[in-house]
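Below is the file entry-v9.txt, which contains compact mmCIF, C-alpha atoms.
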```txt
# COMPACT_ATOMS: atom_id res chain seq x y z
CA MET A 77 257.68 53.07 -135.15
CA ILE A 78 258.52 53.98 -138.76
CA PHE A 79 255.51 51.96 -139.87
CA LYS A 80 253.10 53.89 -137.60
CA ARG A 81 254.53 57.31 -138.47
CA ALA A 82 254.28 56.60 -142.19
CA LEU A 83 250.70 55.35 -141.84
CA PHE A 84 249.60 58.31 -139.70
CA ARG A 85 251.12 60.76 -142.18
CA GLU A 86 249.35 59.01 -145.05
CA LEU A 87 246.00 58.91 -143.23
CA THR A 88 246.21 62.56 -142.20
CA GLY A 89 246.89 63.76 -145.73
CA ALA A 90 244.11 61.64 -147.20
CA SER A 91 241.65 62.77 -144.49
CA VAL A 92 242.30 66.46 -145.09
CA THR A 93 241.85 66.06 -148.84
CA VAL A 94 238.69 63.96 -148.59
CA PHE A 95 237.07 66.13 -145.91
CA SER A 96 237.81 69.35 -147.82
CA THR A 97 236.27 67.90 -150.98
CA LEU A 98 233.15 66.59 -149.24
CA LEU A 99 232.71 69.82 -147.28
CA ALA A 100 232.99 71.92 -150.44
CA ILE A 101 230.32 69.79 -152.15
CA VAL A 102 227.93 70.02 -149.19
CA ILE A 103 228.46 73.79 -148.79
CA THR A 104 227.76 74.33 -152.49
CA ILE A 105 224.52 72.33 -152.33
CA LEU A 106 223.35 74.10 -149.17
CA VAL A 107 224.22 77.57 -150.48
CA VAL A 108 222.25 76.95 -153.67
CA ARG A 109 219.28 75.68 -151.66
CA PHE A 110 219.20 78.58 -149.18
CA LEU A 111 219.78 81.19 -151.87
CA GLY A 112 216.82 79.69 -153.71
CA GLU A 113 214.70 80.01 -150.56
CA ALA A 114 215.87 83.59 -150.09
CA ALA A 115 215.04 84.44 -153.71
CA SER A 116 211.55 83.02 -153.31
CA GLY A 117 210.99 84.93 -150.07
CA ALA A 118 210.81 81.86 -147.83
CA ILE A 119 213.72 83.22 -145.75
CA THR A 120 215.45 86.56 -145.60
CA SER A 121 218.82 87.14 -147.21
CA ALA A 122 220.34 87.75 -143.76
CA ALA A 123 219.24 84.27 -142.69
CA VAL A 124 221.29 82.44 -145.35
CA ALA A 125 224.55 82.40 -143.33
CA PRO A 126 222.99 81.22 -140.00
CA MET A 127 220.93 78.54 -141.71
CA LEU A 128 224.03 77.38 -143.59
CA GLY A 129 225.97 77.10 -140.33
CA PHE A 130 223.24 75.13 -138.55
CA SER A 131 222.87 72.73 -141.49
CA LEU A 132 226.63 72.15 -141.70
CA VAL A 133 226.79 71.14 -138.04
CA ASN A 134 223.98 68.67 -138.68
CA TYR A 135 225.80 67.10 -141.66
CA LEU A 136 229.24 66.95 -140.01
CA PRO A 137 228.82 63.53 -138.30
CA VAL A 138 228.07 61.81 -141.61
CA LEU A 139 230.84 63.75 -143.37
CA LEU A 140 233.42 62.77 -140.76
CA SER A 141 232.34 59.12 -140.85
CA LEU A 142 232.58 59.02 -144.63
CA THR A 143 235.90 60.88 -144.53
CA LEU A 144 237.40 58.34 -142.13
CA PHE A 145 236.28 55.42 -144.28
CA ILE A 146 237.52 56.88 -147.57
CA ALA A 147 240.81 58.12 -146.07
CA VAL A 148 241.78 54.68 -144.70
CA LEU A 149 240.69 53.05 -147.94
CA LEU A 150 242.67 55.44 -150.16
CA ALA A 151 245.80 55.33 -148.00
CA LEU A 152 246.01 51.55 -147.90
CA THR A 153 244.98 51.20 -151.55
CA ARG A 154 247.92 53.40 -152.50
CA CYS A 155 250.22 51.14 -150.48
CA TYR A 156 249.00 48.13 -152.45
CA ARG A 157 249.16 49.97 -155.76
CA ASP A 158 252.75 51.17 -155.19
CA ASN A 159 253.82 47.74 -153.85
CA GLU A 160 254.60 49.21 -150.42
CA MET A 161 252.35 46.61 -148.81
CA ILE A 162 254.57 43.84 -150.17
CA VAL A 163 257.53 45.50 -148.49
CA TRP A 164 255.70 45.67 -145.16
CA PHE A 165 254.56 42.05 -145.46
CA SER A 166 258.12 40.98 -146.27
CA SER A 167 259.31 42.86 -143.15
CA GLY A 168 257.03 40.80 -140.95
CA VAL A 169 254.13 43.28 -140.67
CA SER A 170 250.94 41.25 -141.05
CA LEU A 171 247.55 42.59 -142.09
CA THR A 172 246.30 42.56 -138.49
CA ALA A 173 249.13 44.92 -137.52
CA TRP A 174 247.25 47.70 -139.34
CA VAL A 175 244.28 47.43 -136.96
CA ARG A 176 245.91 49.15 -133.98
CA PRO A 177 247.20 52.30 -135.80
CA VAL A 178 243.92 52.63 -137.70
CA LEU A 179 241.98 52.44 -134.42
CA LEU A 180 244.30 55.01 -132.82
CA PHE A 181 243.79 57.34 -135.78
CA SER A 182 240.01 56.75 -135.75
CA LEU A 183 239.54 57.35 -132.02
CA PRO A 184 239.62 61.20 -132.00
CA VAL A 185 237.47 61.32 -135.14
CA THR A 186 234.95 58.95 -133.56
CA LEU A 187 234.87 61.06 -130.39
CA ALA A 188 234.15 64.12 -132.53
CA ILE A 189 231.37 62.22 -134.32
CA SER A 190 229.89 61.19 -130.95
CA LEU A 191 229.96 64.78 -129.68
CA LEU A 192 228.32 66.05 -132.84
CA SER A 193 225.75 63.25 -132.97
CA PHE A 194 224.67 63.35 -129.34
CA VAL A 195 225.04 67.06 -128.52
CA LEU A 196 225.85 69.55 -131.28
CA ALA A 197 223.70 68.28 -134.18
CA PRO A 198 220.44 68.23 -132.11
CA TRP A 199 221.30 71.70 -130.80
CA ALA A 200 221.87 72.97 -134.35
CA LEU A 201 218.55 71.54 -135.54
CA ASP A 202 216.74 73.11 -132.58
CA ARG A 203 218.36 76.49 -133.25
CA SER A 204 217.49 76.21 -136.94
CA ALA A 205 213.84 75.50 -136.15
CA GLU A 206 213.76 78.37 -133.64
CA TYR A 207 215.34 80.70 -136.21
CA ARG A 208 212.67 79.78 -138.74
CA ARG A 209 209.95 80.41 -136.14
CA GLN A 210 211.40 83.84 -135.47
CA MET A 211 211.38 84.62 -139.19
CA ASP A 212 207.77 83.44 -139.44
CA SER A 213 206.85 85.71 -136.52
CA GLN A 214 208.13 88.79 -138.34
CA ASP A 215 205.52 91.04 -139.88
CA GLU A 216 204.89 90.54 -143.56
CA VAL A 217 206.54 93.83 -144.58
CA ALA A 218 209.81 93.07 -142.76
CA SER A 219 210.34 89.95 -144.87
CA VAL A 220 209.83 91.68 -148.21
CA ALA A 221 212.89 91.48 -150.47
CA PRO A 222 213.51 93.93 -153.33
CA GLY A 223 212.45 92.64 -156.72
CA VAL A 224 210.39 89.76 -155.28
CA PHE A 225 206.61 89.46 -155.00
CA LYS A 226 205.75 88.57 -151.40
CA GLU A 227 202.36 87.21 -150.38
CA SER A 228 201.09 87.93 -146.87
CA LYS A 229 200.65 85.06 -144.43
CA GLN A 230 196.88 85.59 -144.54
CA ALA A 231 197.04 85.30 -148.37
CA ASP A 232 195.02 88.52 -148.81
CA ARG A 233 197.84 90.83 -149.91
CA VAL A 234 200.79 90.82 -152.30
CA TYR A 235 203.73 93.19 -151.84
CA PHE A 236 206.43 94.25 -154.25
CA VAL A 237 209.18 96.84 -153.83
CA GLU A 238 211.79 97.69 -156.41
CA ASN A 239 214.58 98.87 -154.09
CA PHE A 240 215.57 100.03 -150.63
CA THR A 241 216.97 103.50 -149.95
CA GLN A 242 218.31 105.45 -146.95
CA GLY A 243 219.77 102.52 -145.07
CA GLN A 244 216.86 100.24 -146.02
CA LYS A 245 214.39 102.38 -144.01
CA THR A 246 212.58 103.64 -147.13
CA VAL A 247 211.43 101.61 -150.11
CA GLY A 248 211.03 102.85 -153.66
CA ASN A 249 208.38 102.01 -156.29
CA VAL A 250 205.93 100.12 -154.08
CA PHE A 251 203.18 97.82 -155.37
CA ILE A 252 200.45 96.38 -153.11
CA GLN A 253 197.51 94.24 -154.17
CA SER A 254 194.81 93.49 -151.61
CA VAL A 255 191.30 92.08 -151.44
CA GLN A 256 188.82 93.78 -149.09
CA HIS A 257 185.08 93.02 -148.95
CA GLY A 258 185.28 91.17 -152.22
CA LYS A 259 186.87 94.11 -154.03
CA LEU A 260 190.31 94.07 -155.56
CA GLY A 261 192.54 97.01 -154.70
CA VAL A 262 195.88 97.85 -156.28
CA MET A 263 198.13 100.58 -154.91
CA VAL A 264 201.30 101.95 -156.45
CA ALA A 265 203.50 104.58 -154.86
CA GLN A 266 206.85 106.21 -155.48
CA GLN A 267 208.03 105.72 -151.90
CA GLY A 268 207.04 104.09 -148.64
CA TYR A 269 208.22 103.48 -145.12
CA GLN A 270 207.12 101.63 -142.01
CA GLU A 271 205.65 103.49 -139.05
CA VAL A 272 204.70 102.34 -135.54
CA ALA A 273 201.68 103.99 -133.87
CA PRO A 274 201.68 104.86 -130.13
CA ASN A 275 199.46 101.82 -129.43
CA GLY A 276 201.98 99.49 -131.08
CA ASP A 277 200.19 98.97 -134.40
CA LYS A 278 202.42 98.92 -137.46
CA PHE A 279 201.58 100.74 -140.69
CA LEU A 280 203.13 100.87 -144.13
CA VAL A 281 202.95 104.49 -145.18
CA LEU A 282 202.85 105.12 -148.95
CA LEU A 283 203.75 108.49 -150.45
CA ASN A 284 202.66 110.01 -153.77
CA GLY A 285 200.73 107.18 -155.33
CA ARG A 286 197.46 105.87 -156.72
CA ARG A 287 194.88 103.32 -155.65
CA TYR A 288 192.82 101.37 -158.18
CA GLU A 289 189.73 99.74 -156.67
CA GLY A 290 187.03 97.64 -158.28
CA GLN A 291 185.70 94.22 -159.15
CA ALA A 292 187.99 91.94 -161.13
CA GLY A 293 186.83 91.72 -164.74
CA SER A 294 184.39 94.63 -164.35
CA PRO A 295 184.80 98.06 -166.01
CA ASP A 296 183.41 99.70 -162.87
CA PHE A 297 186.42 100.83 -160.84
CA ARG A 298 187.74 103.90 -159.05
CA ILE A 299 191.11 105.65 -159.22
CA LEU A 300 192.26 107.59 -156.16
CA GLU A 301 195.40 109.69 -156.00
CA PHE A 302 197.02 110.31 -152.63
CA GLU A 303 200.01 112.03 -151.11
CA ARG A 304 200.03 109.83 -147.99
CA TYR A 305 198.27 106.51 -147.47
CA ALA A 306 198.73 104.27 -144.40
CA VAL A 307 198.15 100.53 -144.71
CA ARG A 308 197.86 98.63 -141.41
CA VAL A 309 200.20 95.64 -141.23
CA GLU A 310 198.35 92.77 -139.61
CA PRO A 311 200.29 91.16 -136.75
CA TYR A 312 201.13 87.48 -137.11
CA GLU A 313 202.20 85.06 -134.45
CA ALA A 314 203.86 81.85 -135.63
CA GLN A 315 202.32 78.68 -134.31
CA ASN A 316 204.48 76.46 -132.17
CA LYS A 317 205.15 73.31 -134.14
CA ASP A 318 205.67 69.92 -132.58
CA ILE A 319 209.26 69.31 -131.50
CA SER A 320 210.97 66.81 -133.78
CA PRO A 321 212.94 63.97 -132.16
CA LYS A 322 215.92 65.03 -134.29
CA SER A 323 216.14 68.34 -132.40
CA MET A 324 215.61 66.85 -128.92
CA THR A 325 218.54 66.43 -126.56
CA THR A 326 219.79 62.91 -125.93
CA ALA A 327 218.68 63.08 -122.28
CA ALA A 328 215.18 64.10 -123.42
CA LEU A 329 215.05 61.15 -125.81
CA PHE A 330 215.90 58.74 -122.97
CA ARG A 331 213.12 60.30 -120.86
CA ASP A 332 210.63 60.22 -123.73
CA ARG A 333 210.97 56.50 -124.57
CA THR A 334 208.44 56.77 -127.42
CA PRO A 335 209.13 54.82 -130.67
CA PRO A 336 210.21 57.97 -132.60
CA ALA A 337 212.57 58.90 -129.75
CA MET A 338 214.04 55.39 -129.64
CA GLY A 339 214.49 55.46 -133.42
CA GLU A 340 216.42 58.73 -133.18
CA LEU A 341 218.59 57.28 -130.39
CA LEU A 342 219.37 54.29 -132.60
CA TRP A 343 220.58 56.63 -135.34
CA ARG A 344 222.77 58.64 -132.95
CA PHE A 345 224.37 55.50 -131.51
CA GLY A 346 224.82 54.12 -135.01
CA LEU A 347 226.97 56.98 -136.34
CA PRO A 348 230.07 56.49 -134.13
CA LEU A 349 229.72 52.69 -134.19
CA SER A 350 229.53 52.64 -137.98
CA ALA A 351 232.54 55.00 -138.21
CA ILE A 352 234.74 52.56 -136.28
CA LEU A 353 233.51 49.51 -138.21
CA LEU A 354 233.90 51.22 -141.58
CA ALA A 355 237.46 52.31 -140.75
CA LEU A 356 238.38 48.71 -139.90
CA LEU A 357 236.45 47.42 -142.89
CA ALA A 358 238.59 49.58 -145.16
CA ILE A 359 241.70 47.53 -144.23
CA PRO A 360 240.69 44.30 -146.02
CA LEU A 361 238.75 46.22 -148.69
CA SER A 362 241.88 48.15 -149.69
CA PHE A 363 243.44 45.07 -151.29
CA VAL A 364 244.15 45.70 -154.98
CA ASN A 365 244.25 42.82 -157.42
CA PRO A 366 246.17 43.95 -160.52
CA ARG A 367 244.35 41.45 -162.69
CA ALA A 368 240.90 42.63 -161.55
CA GLY A 369 241.59 46.34 -161.97
CA ARG A 370 242.38 49.11 -159.52
CA SER A 371 238.84 50.44 -159.11
CA LEU A 372 237.07 47.20 -158.21
CA ASN A 373 237.75 47.53 -154.49
CA LEU A 374 236.54 51.14 -154.51
CA ILE A 375 233.27 50.15 -156.17
CA LEU A 376 232.82 47.35 -153.64
CA ALA A 377 233.55 49.75 -150.76
CA VAL A 378 230.96 52.26 -152.00
CA LEU A 379 228.35 49.52 -152.31
CA ILE A 380 229.07 48.24 -148.79
CA TYR A 381 228.84 51.76 -147.37
CA MET A 382 225.50 52.40 -149.09
CA VAL A 383 224.07 49.07 -147.94
CA TYR A 384 225.33 49.64 -144.39
CA SER A 385 223.85 53.15 -144.20
CA ASN A 386 220.53 52.03 -145.67
CA PHE A 387 220.24 49.12 -143.24
CA ILE A 388 220.77 51.50 -140.31
CA SER A 389 217.95 53.65 -141.69
CA ILE A 390 215.76 50.56 -142.10
CA ALA A 391 216.47 49.51 -138.51
CA GLN A 392 215.57 53.02 -137.36
CA ALA A 393 212.28 52.88 -139.30
CA TRP A 394 211.45 49.44 -137.87
CA VAL A 395 212.03 50.68 -134.32
CA ILE A 396 209.75 53.68 -134.98
CA GLN A 397 207.11 51.32 -136.44
CA GLN A 398 207.61 48.97 -133.46
CA LYS A 399 208.48 46.04 -135.70
CA ILE A 400 211.62 45.39 -133.65
CA SER A 401 212.72 46.54 -130.22
CA PHE A 402 215.38 49.17 -129.61
CA ALA A 403 217.60 46.59 -127.88
CA ILE A 404 217.71 44.51 -131.08
CA GLY A 405 217.84 47.34 -133.60
CA VAL A 406 220.72 49.19 -131.94
CA TRP A 407 223.20 46.33 -132.42
CA ALA A 408 221.78 43.97 -135.09
CA VAL A 409 223.07 45.79 -138.18
CA HIS A 410 226.46 46.49 -136.60
CA ALA A 411 226.78 42.86 -135.55
CA VAL A 412 226.22 41.76 -139.16
CA MET A 413 228.88 44.23 -140.35
CA ALA A 414 231.27 43.02 -137.65
CA GLY A 415 230.75 39.47 -138.91
CA LEU A 416 231.44 40.60 -142.46
CA LEU A 417 234.58 42.36 -141.19
CA LEU A 418 235.87 39.14 -139.60
CA LEU A 419 235.13 37.16 -142.77
CA LEU A 420 237.01 39.64 -144.94
CA PHE A 421 239.99 39.60 -142.57
CA GLN A 422 240.00 35.80 -142.58
CA HIS A 423 239.89 35.76 -146.37
CA ARG A 424 242.76 38.26 -146.71
CA LEU A 425 244.84 36.47 -144.06
CA SER A 426 244.40 33.16 -145.89
CA LEU A 427 245.67 34.81 -149.08
CA TYR A 428 248.59 36.25 -147.11
CA SER A 429 249.41 32.76 -145.79
CA VAL A 430 249.40 31.37 -149.32
CA PHE A 431 251.66 34.21 -150.43
CA SER A 432 254.09 33.43 -147.60
CA LEU A 433 254.19 29.73 -148.53
CA LEU A 434 254.90 30.57 -152.18
CA ARG A 435 257.78 32.82 -151.16
CA ARG A 436 259.37 29.90 -149.35
```
File written out as structure tokens:
Amino acid sequence: MIFKRALFRELTGASVTVFSTLLAIVITILVVRFLGEAASGAITSAAVAPMLGFSLVNYLPVLLSLTLFIAVLLALTRCYRDNEMIVWFSSGVSLTAWVRPVLLFSLPVTLAISLLSFVLAPWALDRSAEYRRQMDSQDEVASVAPGVFKESKQADRVYFVENFTQGQKTVGNVFIQSVQHGKLGVMVAQQGYQEVAPNGDKFLVLLNGRRYEGQAGSPDFRILEFERYAVRVEPYEAQNKDISPKSMTTAALFRDRTPPAMGELLWRFGLPLSAILLALLAIPLSFVNPRAGRSLNLILAVLIYMVYSNFISIAQAWVIQQKISFAIGVWAVHAVMAGLLLLLFQHRLSLYSVFSLLRR
């Protein structure tokens, strides 16, 4: 009982530390990416937080799997490094005795990974795609950000506003460049606002400005001054894109049965299976040989994780390309890792037997 409580306390502390670190790294990367999209006008500034939330849900299964692997590895490595493992071995606790508590600790994490992989992550991807479609369906003026040049979806106009005033209903220092009938027109105005006509048409109304119209590169041009000028905002309806297998529900993937759907199913099944195998794999990998250095097992663990993850991706690609069947791809890589797990346990147990004989 003392053994299990000590191990659970060690695993919990390591898991919280590892997950917090990985989550902070992922959030930083995503925030930088979405802020860059917002600065370029690809998304609105109000969309940064929702897109960040949807992306985090999508990344959580991999983060939890990696957290479980690293936490078990770090906890048991510390036991070897501080000679606690020798005490446990001397008390009659063999290496296989660590399997049961590690599995008990891994079970709720694996269930969370399964829930995220099969239900929440596809939902988040679908909501993210729908959110982007809604942003694309907005009129071109609604997506204009202050201080950023925004090209219309028809690529015939460029908008620029310096600032928003009066609760963001009025814009100041407006610049519009448009091409009509082969002529280039540039309008500048001190203020502007959006107006909806009784028939539903939307207009950008400019106040107190000028319009320069002429042929590019030609000295023949006109200058018009105006107090009020209404520019019709062309409606735009976003096209419905093909639904990605990543955003489809698990039930829909089973009904689809196409190679891309089967490849996505393989990936979803692979995440919880790999989490369990990696947690068990960390037990023999945590062995520290003082003569070989303390970081050798960590380097080996990182290499095994990368190879394992890449082989799952390769199996997924082969199922999509119909090089192998789903029935083979869904278990082949995990079977190889299970064999490697048994070999590592056998190797560590043989060393433990030698150690026991030397003690006698």
Place a sphere of radius 12 Å on (215.5, 48.7, -142.0) in the file coordinates and name every protein, DNA or RNA residue with an atom inside or on its surface, counting all atoms listed in the file; give the answer as a list in words.
->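 Residues close enough to count: Gly339, Leu342, Trp343, Val383, Tyr384, Ser385, Asn386, Phe387, Ile388, Ser389, Ile390, Ala391, Gln392, Ala393, Trp394, Val395, Ile396, Gln397, Gln398, Lys399, Ile400, Ile404, Gly405, Val406, Ala408 and Val409 of chain A.
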What are the closest atom pairs, with distances in Å to one decimal, for each residue of segment 79-183 of chain A lying within 10 Å of segment 198-213 of chain A, using only C-alpha atoms, rows by chain and rising residue number, as JSON lines?
```
{"residue": "A:Ala118", "atom": "CA", "partner": "A:Asp212", "partner_atom": "CA", "distance": 9.1}
{"residue": "A:Ile119", "atom": "CA", "partner": "A:Met211", "partner_atom": "CA", "distance": 7.1}
{"residue": "A:Thr120", "atom": "CA", "partner": "A:Met211", "partner_atom": "CA", "distance": 7.8}
{"residue": "A:Ala123", "atom": "CA", "partner": "A:Tyr207", "partner_atom": "CA", "distance": 8.4}
{"residue": "A:Pro126", "atom": "CA", "partner": "A:Ser204", "partner_atom": "CA", "distance": 8.0}
{"residue": "A:Met127", "atom": "CA", "partner": "A:Ser204", "partner_atom": "CA", "distance": 6.3}
{"residue": "A:Leu128", "atom": "CA", "partner": "A:Ser204", "partner_atom": "CA", "distance": 9.4}
{"residue": "A:Gly129", "atom": "CA", "partner": "A:Ala200", "partner_atom": "CA", "distance": 8.3}
{"residue": "A:Phe130", "atom": "CA", "partner": "A:Ala200", "partner_atom": "CA", "distance": 4.9}
{"residue": "A:Ser131", "atom": "CA", "partner": "A:Ala200", "partner_atom": "CA", "distance": 7.2}
{"residue": "A:Leu132", "atom": "CA", "partner": "A:Ala200", "partner_atom": "CA", "distance": 8.8}
{"residue": "A:Val133", "atom": "CA", "partner": "A:Ala200", "partner_atom": "CA", "distance": 6.4}
{"residue": "A:Asn134", "atom": "CA", "partner": "A:Ala200", "partner_atom": "CA", "distance": 6.5}
```
Pick from A:Leu356, A:Leu139, A:Phe402, A:Asn275: nearest to Ala100 of chain A, with only C-alpha atoms counted?
-> A:Leu139
In Å, how far is it from atom CA of Arg286 of chain A to atom CA of Leu300 of chain A?
->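 Rounded to one decimal, the two atoms are 5.5 Å apart.
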Calculate, to one decimal in Å, the centre and edge lengths of the box along x, y and z of the file that holds all listed atoms of segment 272-285 of chain A with 3 Å of margin on each side, and present them as AutoDock Vina command-line options.
```
--center_x 202.1 --center_y 104.5 --center_z -142.4 --size_x 11.2 --size_y 17.1 --size_z 31.9
```
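Residue nearest Leu98 of chain A within the list A:Tyr288, A:Phe279, A:Phe302, A:Tyr135: A:Tyr135 [criterion: smallest interatomic distance, all atoms listed in the file].
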Nearest to Leu425 of chain A by atom-to-atom distance, counting only C-alpha atoms, from A:Cys155, A:Phe225, A:Leu171, A:Ala114 = A:Leu171
Among A:Val307, A:Arg344, A:Val237, A:Arg154, Leu196 of chain A is approached most closely, using all atoms listed in the file, by A:Arg344
Find the residues around Thr325 of chain A up to 9 Å (all atoms listed in the file counted), leave out those fewer than 4 positions away in its own chain, and share them as a ChimeraX atom specification.
-> /A:194-195,198-199,321,329-330
File of the preceding selection, C-alpha atoms, as a CSV table (one decimal), in the coordinates of the input:
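The resulting selection_36.csv:
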```
chain,number,residue,atom,x,y,z
A,194,PHE,CA,224.7,63.4,-129.3
A,195,VAL,CA,225.0,67.1,-128.5
A,198,PRO,CA,220.4,68.2,-132.1
A,199,TRP,CA,221.3,71.7,-130.8
A,321,PRO,CA,212.9,64.0,-132.2
A,329,LEU,CA,215.0,61.2,-125.8
A,330,PHE,CA,215.9,58.7,-123.0
```
